[in-house]
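Peer 1: Below is one structure. I have some questions about it.
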Amino acid sequence: LWHVWHEGAVLLVGDGPGEQPLPGLAAGGGAEVTVRSKDKGVRLVSFRAAVVELAAGSPAWDEAVAELKGKRLNAPDAETVPERWARECRVLRLVPSYEAGTLPVPDSSLAAPPPPSPASTRVTRPAPLPKLLLGRGRKKK
């Protein structure tokens, strides 16, 4: 998920049209956060965090949205994105639980399976295939 680290917590926006889904992140619940490096994607640290949903229009929400808006790339409605987020999305703050310490960094991929889709991946054809199908040119005598 794209995010902003601000004042000791992770800020996220999602669960609306044009934004990332935030499955499993319920207000008042907890989350395990694994942070990757931006350059190579290496896992740096994992920690537990409390999930806090910010109420639209509250001072904390306004501050979070100001930070998130500045980092949101390619928004289709860059000028009115705060209004859209207030209507259609959730803004979350993940507050680290420092007393729990850090967690072991997972060594599995943590990737979710892709959702069902009619889309398909183009398969490259093997290099010798055209020669097999079309035949080799006949040598002239």
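Chain labels A, B, ... are given in the sequence in which chains occur in the structure tokens; within each chain residues are numbered consecutively from 1, and ligands are likewise numbered from 1 in the order shown.
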Would you list the contacts of Val51 (chain A) as number ranges by chain, taking every protein, DNA or RNA residue within 12 Å and counting only C-alpha atoms, but skipping same-chain residues closer than 5 positions in sequence?

Peer 2: A: 9-12, 22, 24-33, 90-97

Peer 1: Could you work out how far CA of Pro17 (chain A) lies from CA of Pro116 (chain A), giving the answer in Å with one decimal?

Peer 2: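 Computed distance, CA of Pro116 (chain A) to CA of Pro17 (chain A), equals 18.1 Å.
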
Peer 1: Write out as a count of residues only all residues of region 3-141 of chain A that DSSP puts in strand (DSSP E) for this structure's backbone.

Peer 2: 37

Peer 1: Interatomic distance between CA of Pro106 (chain A) and CA of Arg36 (chain A)?

Peer 2: 11.4 Å

Peer 1: What does the distance from CA of Val105 (chain A) to CA of Leu68 (chain A) come to in Å, to one decimal?

Peer 2: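 These atoms are spaced 26.6 Å apart.
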